[in-house]
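This is final-v6.pdb (PDB, C-alpha atoms, pLDDT in the B column).
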ATOM      1  CA  MET A   1      90.356 126.743 153.199  1.00 38.00           C
ATOM      2  CA  LEU A   2      89.525 126.880 149.482  1.00 37.00           C
ATOM      3  CA  VAL A   3      88.069 130.044 148.059  1.00 39.00           C
ATOM      4  CA  ALA A   4      86.464 129.969 144.646  1.00 39.00           C
ATOM      5  CA  ARG A   5      86.365 133.036 142.506  1.00 39.00           C
ATOM      6  CA  ARG A   6      83.887 133.621 139.819  1.00 39.00           C
ATOM      7  CA  ASN A   7      85.063 135.297 136.647  1.00 34.00           C
ATOM      8  CA  VAL A   8      82.458 136.729 134.357  1.00 38.00           C
ATOM      9  CA  VAL A   9      83.391 137.445 130.772  1.00 36.00           C
ATOM     10  CA  SER A  10      81.077 139.156 128.376  1.00 39.00           C
ATOM     11  CA  THR A  11      81.761 139.019 124.641  1.00 41.00           C
ATOM     12  CA  ASP A  12      79.896 139.702 121.490  1.00 46.00           C
ATOM     13  CA  ALA A  13      79.304 136.981 118.858  1.00 46.00           C
ATOM     14  CA  SER A  14      81.724 138.395 116.254  1.00 46.00           C
ATOM     15  CA  SER A  15      84.705 138.238 118.608  1.00 46.00           C
ATOM     16  CA  ASP A  16      83.773 134.629 119.443  1.00 48.00           C
ATOM     17  CA  ILE A  17      84.119 133.738 115.743  1.00 52.00           C
ATOM     18  CA  VAL A  18      87.508 135.437 115.501  1.00 54.00           C
ATOM     19  CA  ASP A  19      88.650 133.725 118.698  1.00 62.00           C
ATOM     20  CA  GLU A  20      87.467 130.367 117.369  1.00 62.00           C
ATOM     21  CA  LYS A  21      89.370 130.878 114.109  1.00 63.00           C
ATOM     22  CA  GLU A  22      92.489 131.764 116.096  1.00 66.00           C
ATOM     23  CA  LEU A  23      92.050 128.692 118.271  1.00 62.00           C
ATOM     24  CA  TRP A  24      91.744 126.458 115.194  1.00 58.00           C
ATOM     25  CA  ALA A  25      94.744 128.108 113.566  1.00 61.00           C
ATOM     26  CA  ARG A  26      96.786 127.494 116.729  1.00 61.00           C
ATOM     27  CA  TYR A  27      95.492 123.922 116.927  1.00 55.00           C
ATOM     28  CA  TRP A  28      96.527 123.113 113.364  1.00 58.00           C
ATOM     29  CA  SER A  29      99.907 124.766 113.749  1.00 59.00           C
ATOM     30  CA  LEU A  30     100.503 122.664 116.867  1.00 54.00           C
ATOM     31  CA  GLU A  31      99.314 119.554 115.008  1.00 52.00           C
ATOM     32  CA  ALA A  32     101.845 120.248 112.266  1.00 53.00           C
ATOM     33  CA  ALA A  33     104.625 120.972 114.747  1.00 55.00           C
ATOM     34  CA  GLY A  34     107.257 118.283 114.756  1.00 53.00           C
ATOM     35  CA  THR A  35     106.192 116.746 111.468  1.00 53.00           C
ATOM     36  CA  GLU A  36     109.442 117.742 109.789  1.00 54.00           C
ATOM     37  CA  GLU A  37     112.055 115.036 109.944  1.00 59.00           C
ATOM     38  CA  PHE A  38     114.594 117.287 111.681  1.00 56.00           C
ATOM     39  CA  THR A  39     114.595 120.688 113.331  1.00 63.00           C
ATOM     40  CA  GLU A  40     117.215 123.184 112.173  1.00 64.00           C
ATOM     41  CA  SER A  41     119.767 122.135 114.826  1.00 75.00           C
ATOM     42  CA  GLU A  42     119.007 118.459 114.179  1.00 73.00           C
ATOM     43  CA  LYS A  43     119.550 119.099 110.461  1.00 73.00           C
ATOM     44  CA  ASN A  44     123.007 120.463 111.256  1.00 76.00           C
ATOM     45  CA  VAL A  45     123.843 117.403 113.358  1.00 78.00           C
ATOM     46  CA  GLN A  46     122.446 115.069 110.680  1.00 76.00           C
ATOM     47  CA  SER A  47     124.481 116.901 108.042  1.00 80.00           C
ATOM     48  CA  VAL A  48     127.679 116.284 110.024  1.00 84.00           C
ATOM     49  CA  ILE A  49     126.765 112.601 110.455  1.00 83.00           C
ATOM     50  CA  ASP A  50     125.935 112.266 106.739  1.00 85.00           C
ATOM     51  CA  LYS A  51     129.300 113.785 105.829  1.00 88.00           C
ATOM     52  CA  ARG A  52     131.126 111.365 108.127  1.00 88.00           C
ATOM     53  CA  VAL A  53     129.191 108.395 106.687  1.00 88.00           C
ATOM     54  CA  TRP A  54     130.052 109.503 103.129  1.00 89.00           C
ATOM     55  CA  ASP A  55     133.707 109.962 104.091  1.00 89.00           C
ATOM     56  CA  ASP A  56     133.790 106.443 105.582  1.00 88.00           C
ATOM     57  CA  PHE A  57     132.097 105.112 102.451  1.00 87.00           C
ATOM     58  CA  ARG A  58     134.670 106.727 100.161  1.00 88.00           C
ATOM     59  CA  GLN A  59     137.559 105.465 102.298  1.00 90.00           C
ATOM     60  CA  THR A  60     136.318 101.881 102.537  1.00 89.00           C
ATOM     61  CA  VAL A  61     134.913 101.250  99.057  1.00 89.00           C
ATOM     62  CA  GLU A  62     136.926  98.529  97.393  1.00 92.00           C
ATOM     63  CA  ARG A  63     136.878  97.418  93.758  1.00 93.00           C
ATOM     64  CA  ARG A  64     137.205  93.666  93.243  1.00 92.00           C
ATOM     65  CA  ASP A  65     136.871  91.465  90.170  1.00 91.00           C
ATOM     66  CA  ASP A  66     133.247  90.677  90.968  1.00 84.00           C
ATOM     67  CA  GLY A  67     132.138  94.202  91.928  1.00 86.00           C
ATOM     68  CA  TYR A  68     132.432  96.895  94.563  1.00 88.00           C
ATOM     69  CA  TYR A  69     132.547  96.232  98.292  1.00 88.00           C
ATOM     70  CA  VAL A  70     131.921  98.704 101.094  1.00 86.00           C
ATOM     71  CA  ARG A  71     131.439  98.407 104.834  1.00 85.00           C
ATOM     72  CA  LEU A  72     128.007  98.922 106.291  1.00 85.00           C
ATOM     73  CA  PRO A  73     127.551 102.309 108.016  1.00 88.00           C
ATOM     74  CA  TRP A  74     127.037 101.026 111.567  1.00 88.00           C
ATOM     75  CA  LYS A  75     125.867 103.323 114.344  1.00 88.00           C
ATOM     76  CA  GLU A  76     127.253 103.212 117.853  1.00 84.00           C
ATOM     77  CA  LEU A  77     124.405 101.504 119.727  1.00 76.00           C
ATOM     78  CA  THR A  78     123.790 101.401 123.444  1.00 76.00           C
ATOM     79  CA  THR A  79     121.684  98.264 122.952  1.00 80.00           C
ATOM     80  CA  PRO A  80     123.419  95.638 120.806  1.00 83.00           C
ATOM     81  CA  LEU A  81     121.711  94.208 117.762  1.00 87.00           C
ATOM     82  CA  PRO A  82     120.167  90.933 118.969  1.00 89.00           C
ATOM     83  CA  ASP A  83     120.193  87.565 117.235  1.00 88.00           C
ATOM     84  CA  ASN A  84     116.906  87.656 115.350  1.00 90.00           C
ATOM     85  CA  LYS A  85     116.849  84.149 113.923  1.00 91.00           C
ATOM     86  CA  VAL A  86     113.497  83.396 115.585  1.00 93.00           C
ATOM     87  CA  ILE A  87     111.796  86.423 113.986  1.00 94.00           C
ATOM     88  CA  ALA A  88     113.149  85.520 110.551  1.00 94.00           C
ATOM     89  CA  TYR A  89     112.217  81.859 110.974  1.00 94.00           C
ATOM     90  CA  ARG A  90     108.649  82.675 111.994  1.00 95.00           C
ATOM     91  CA  ARG A  91     108.276  84.977 108.994  1.00 95.00           C
ATOM     92  CA  LEU A  92     109.672  82.230 106.750  1.00 94.00           C
ATOM     93  CA  VAL A  93     107.129  79.728 108.088  1.00 96.00           C
ATOM     94  CA  SER A  94     104.342  82.232 107.441  1.00 94.00           C
ATOM     95  CA  VAL A  95     105.569  82.886 103.891  1.00 94.00           C
ATOM     96  CA  TRP A  96     105.986  79.152 103.280  1.00 94.00           C
ATOM     97  CA  ASN A  97     102.444  78.384 104.471  1.00 94.00           C
ATOM     98  CA  SER A  98     101.066  81.163 102.290  1.00 92.00           C
ATOM     99  CA  LEU A  99     103.012  80.213  99.148  1.00 92.00           C
ATOM    100  CA  GLN A 100     102.273  76.487  99.443  1.00 92.00           C
ATOM    101  CA  LYS A 101      98.704  77.283  98.459  1.00 93.00           C
ATOM    102  CA  ASP A 102      99.897  78.235  94.953  1.00 90.00           C
ATOM    103  CA  GLU A 103     102.670  76.065  93.506  1.00 91.00           C
ATOM    104  CA  ASN A 104     103.378  78.588  90.725  1.00 90.00           C
ATOM    105  CA  LEU A 105     104.023  81.387  93.249  1.00 90.00           C
ATOM    106  CA  LEU A 106     106.223  79.092  95.330  1.00 93.00           C
ATOM    107  CA  GLU A 107     108.294  78.266  92.238  1.00 93.00           C
ATOM    108  CA  GLN A 108     108.591  81.974  91.363  1.00 91.00           C
ATOM    109  CA  TYR A 109     109.651  82.805  94.922  1.00 93.00           C
ATOM    110  CA  ASN A 110     112.258  80.054  94.880  1.00 94.00           C
ATOM    111  CA  GLY A 111     113.419  81.203  91.444  1.00 94.00           C
ATOM    112  CA  VAL A 112     114.031  84.735  92.712  1.00 92.00           C
ATOM    113  CA  PHE A 113     116.126  83.401  95.598  1.00 92.00           C
ATOM    114  CA  GLN A 114     118.069  81.048  93.339  1.00 95.00           C
ATOM    115  CA  GLU A 115     118.887  83.974  91.042  1.00 94.00           C
ATOM    116  CA  GLN A 116     119.937  86.128  94.026  1.00 93.00           C
ATOM    117  CA  LEU A 117     122.144  83.296  95.313  1.00 94.00           C
ATOM    118  CA  HIS A 118     123.696  82.949  91.858  1.00 94.00           C
ATOM    119  CA  GLN A 119     124.394  86.706  91.712  1.00 92.00           C
ATOM    120  CA  ASN A 120     125.774  86.737  95.304  1.00 86.00           C
ATOM    121  CA  ILE A 121     123.073  89.160  96.427  1.00 87.00           C
ATOM    122  CA  VAL A 122     122.140  86.793  99.260  1.00 88.00           C
ATOM    123  CA  GLU A 123     124.137  83.978 100.784  1.00 86.00           C
ATOM    124  CA  GLU A 124     123.427  80.807 102.680  1.00 85.00           C
ATOM    125  CA  VAL A 125     124.482  80.866 106.308  1.00 80.00           C
ATOM    126  CA  ASP A 126     125.981  77.811 107.935  1.00 77.00           C
ATOM    127  CA  ASP A 127     125.195  78.101 111.636  1.00 70.00           C
ATOM    128  CA  GLU A 128     127.480  75.145 112.343  1.00 71.00           C
ATOM    129  CA  GLY A 129     130.481  77.023 110.964  1.00 61.00           C
ATOM    130  CA  LYS A 130     129.698  80.132 112.995  1.00 68.00           C
ATOM    131  CA  THR A 131     132.555  81.038 115.313  1.00 65.00           C
ATOM    132  CA  LEU A 132     132.519  83.010 118.538  1.00 62.00           C
ATOM    133  CA  GLY A 133     132.413  86.685 117.690  1.00 64.00           C
ATOM    134  CA  ASP A 134     130.688  86.187 114.345  1.00 67.00           C
ATOM    135  CA  HIS A 135     127.522  88.204 114.209  1.00 75.00           C
ATOM    136  CA  ILE A 136     124.791  87.042 111.885  1.00 80.00           C
ATOM    137  CA  HIS A 137     121.604  89.020 111.452  1.00 85.00           C
ATOM    138  CA  TYR A 138     118.794  87.522 109.419  1.00 89.00           C
ATOM    139  CA  ILE A 139     116.518  89.729 107.353  1.00 92.00           C
ATOM    140  CA  PRO A 140     112.920  88.509 107.279  1.00 94.00           C
ATOM    141  CA  HIS A 141     111.277  88.612 103.874  1.00 94.00           C
ATOM    142  CA  GLN A 142     107.897  88.265 102.272  1.00 93.00           C
ATOM    143  CA  ALA A 143     106.284  88.064  98.873  1.00 91.00           C
ATOM    144  CA  VAL A 144     104.621  91.110  97.384  1.00 91.00           C
ATOM    145  CA  LEU A 145     102.251  90.285  94.565  1.00 87.00           C
ATOM    146  CA  THR A 146     101.449  92.772  91.820  1.00 86.00           C
ATOM    147  CA  PRO A 147      99.416  90.722  89.341  1.00 82.00           C
ATOM    148  CA  HIS A 148      98.733  93.744  87.110  1.00 85.00           C
ATOM    149  CA  LYS A 149     102.472  93.992  86.317  1.00 81.00           C
ATOM    150  CA  THR A 150     103.620  91.573  83.655  1.00 79.00           C
ATOM    151  CA  THR A 151     107.364  91.833  84.349  1.00 78.00           C
ATOM    152  CA  THR A 152     107.415  91.556  88.156  1.00 76.00           C
ATOM    153  CA  GLU A 153     104.228  89.858  89.260  1.00 81.00           C
ATOM    154  CA  LEU A 154     106.035  88.624  92.367  1.00 86.00           C
ATOM    155  CA  ARG A 155     108.883  90.345  94.134  1.00 88.00           C
ATOM    156  CA  ILE A 156     110.567  89.696  97.438  1.00 92.00           C
ATOM    157  CA  VAL A 157     110.677  92.458 100.014  1.00 93.00           C
ATOM    158  CA  PHE A 158     113.203  92.279 102.832  1.00 94.00           C
ATOM    159  CA  ASP A 159     112.189  93.739 106.199  1.00 95.00           C
ATOM    160  CA  ALA A 160     115.202  95.217 107.992  1.00 93.00           C
ATOM    161  CA  SER A 161     112.798  97.010 110.369  1.00 93.00           C
ATOM    162  CA  ALA A 162     111.681  93.784 112.055  1.00 93.00           C
ATOM    163  CA  HIS A 163     112.749  93.686 115.694  1.00 93.00           C
ATOM    164  CA  TYR A 164     111.998  92.387 119.156  1.00 92.00           C
ATOM    165  CA  ARG A 165     110.240  94.727 121.569  1.00 91.00           C
ATOM    166  CA  ASP A 166     112.671  97.237 123.113  1.00 90.00           C
ATOM    167  CA  CYS A 167     115.511  96.065 120.840  1.00 91.00           C
ATOM    168  CA  PRO A 168     116.933  97.748 117.757  1.00 92.00           C
ATOM    169  CA  SER A 169     116.273  96.523 114.235  1.00 93.00           C
ATOM    170  CA  LEU A 170     118.915  96.320 111.545  1.00 92.00           C
ATOM    171  CA  ASN A 171     117.597  99.633 110.187  1.00 92.00           C
ATOM    172  CA  ASP A 172     118.032 101.176 113.652  1.00 92.00           C
ATOM    173  CA  ALA A 173     121.635  99.949 113.765  1.00 91.00           C
ATOM    174  CA  LEU A 174     122.663 101.479 110.434  1.00 91.00           C
ATOM    175  CA  HIS A 175     122.988 105.100 109.418  1.00 88.00           C
ATOM    176  CA  ARG A 176     120.436 106.138 106.840  1.00 82.00           C
ATOM    177  CA  GLY A 177     121.533 107.204 103.405  1.00 72.00           C
ATOM    178  CA  PRO A 178     122.075 110.936 102.983  1.00 60.00           C
TER     179      PRO A 178
END
If you took the structure in this file and wrote it as structure tokens, what would it be?
Amino acid sequence: MLVARRNVVSTDASSDIVDEKELWARYWSLEAAGTEEFTESEKNVQSVIDKRVWDDFRQTVERRDDGYYVRLPWKELTTPLPDNKVIAYRRLVSVWNSLQKDENLLEQYNGVFQEQLHQNIVEEVDDEGKTLGDHIHYIPHQAVLTPHKTTTELRIVFDASAHYRDCPSLNDALHRGP
């Protein structure tokens, strides 16, 4: 058996305005809740992780004739970083189709990559020479055009956030910088 009760509340108009202001204040405070990157306890945990990452960086940095080398700050992942060659290839095809419409842009794009190859910023990957246990992760890229800038009208942006559904990206697999 269900019994309904009727509650009657009588208020005056001025208290309704105050109540409405309170409701909105509560609403906006709830909206803002969680917008900080870390809570206080999460900040403490992140601080410990940042310290460990910096310690690893300092211990592994190596000076060579052609520059400094350091290991990437990998996270311990429950889901391994997948082979993302298909994602990178599809992005490349899209970029290629887009840049073919303007031969000048295609030449600029190629020029940037040739310069990065020359400076050892990027490297060619020989899939045939890949051995068992080697892990190669491709970083999709795209052109960003800023025609109003005279020095860098075209720049290449690498997308380490690209990923398959329910799989980590390269950004997910690496600790962030402190």
task = Using the chain letters and numbering of this document, enumerate as a ChimeraX atom specification the residues selected by the PyMOL selection byres ((chain A and resi 74) around 12).
result = /A:49,52-53,56-57,70-73,75-77,80-81,169-177
request  = Mind giving me the straight-line distance from atom CA of Ile121 of chain A to atom CA of Asn84 of chain A in Å, one decimal?
outcome  = 20.0 Å
task = Grab the atom CA of Leu105 of chain A to atom CA of Leu154 of chain A distance for me, in Å with one decimal place.
result =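 Atom-to-atom, atom CA of Leu105 of chain A and atom CA of Leu154 of chain A are spaced 7.6 Å apart.
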request  = Find the residue from A:Ile139, A:Ile156, A:Glu123, A:Ser161 that sits nearest to Val86 of chain A; use all atoms listed in the file when measuring.
outcome  = A:Ile139
Put the listed atoms of segment 147-160 of chain A in a box along x, y and z with 6 Å added on every side and give me the centre and edge lengths in Å to one decimal, as JSON.
{"center_x": 107.0, "center_y": 91.9, "center_z": 95.8, "size_x": 28.5, "size_y": 18.6, "size_z": 36.3}
task = Using the chain letters and residue numbers of this document, give as a list in words the residues selected by the PyMOL selection byres ((chain A and resi 95) around 10).
result =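 Applied to this file, the PyMOL selection byres ((chain A and resi 95) around 10) returns Tyr89, Arg90, Arg91, Leu92, Val93, Ser94, Trp96, Asn97, Ser98, Leu99, Gln100, Leu106, Tyr109, Pro140, His141, Gln142 and Ala143 of chain A.
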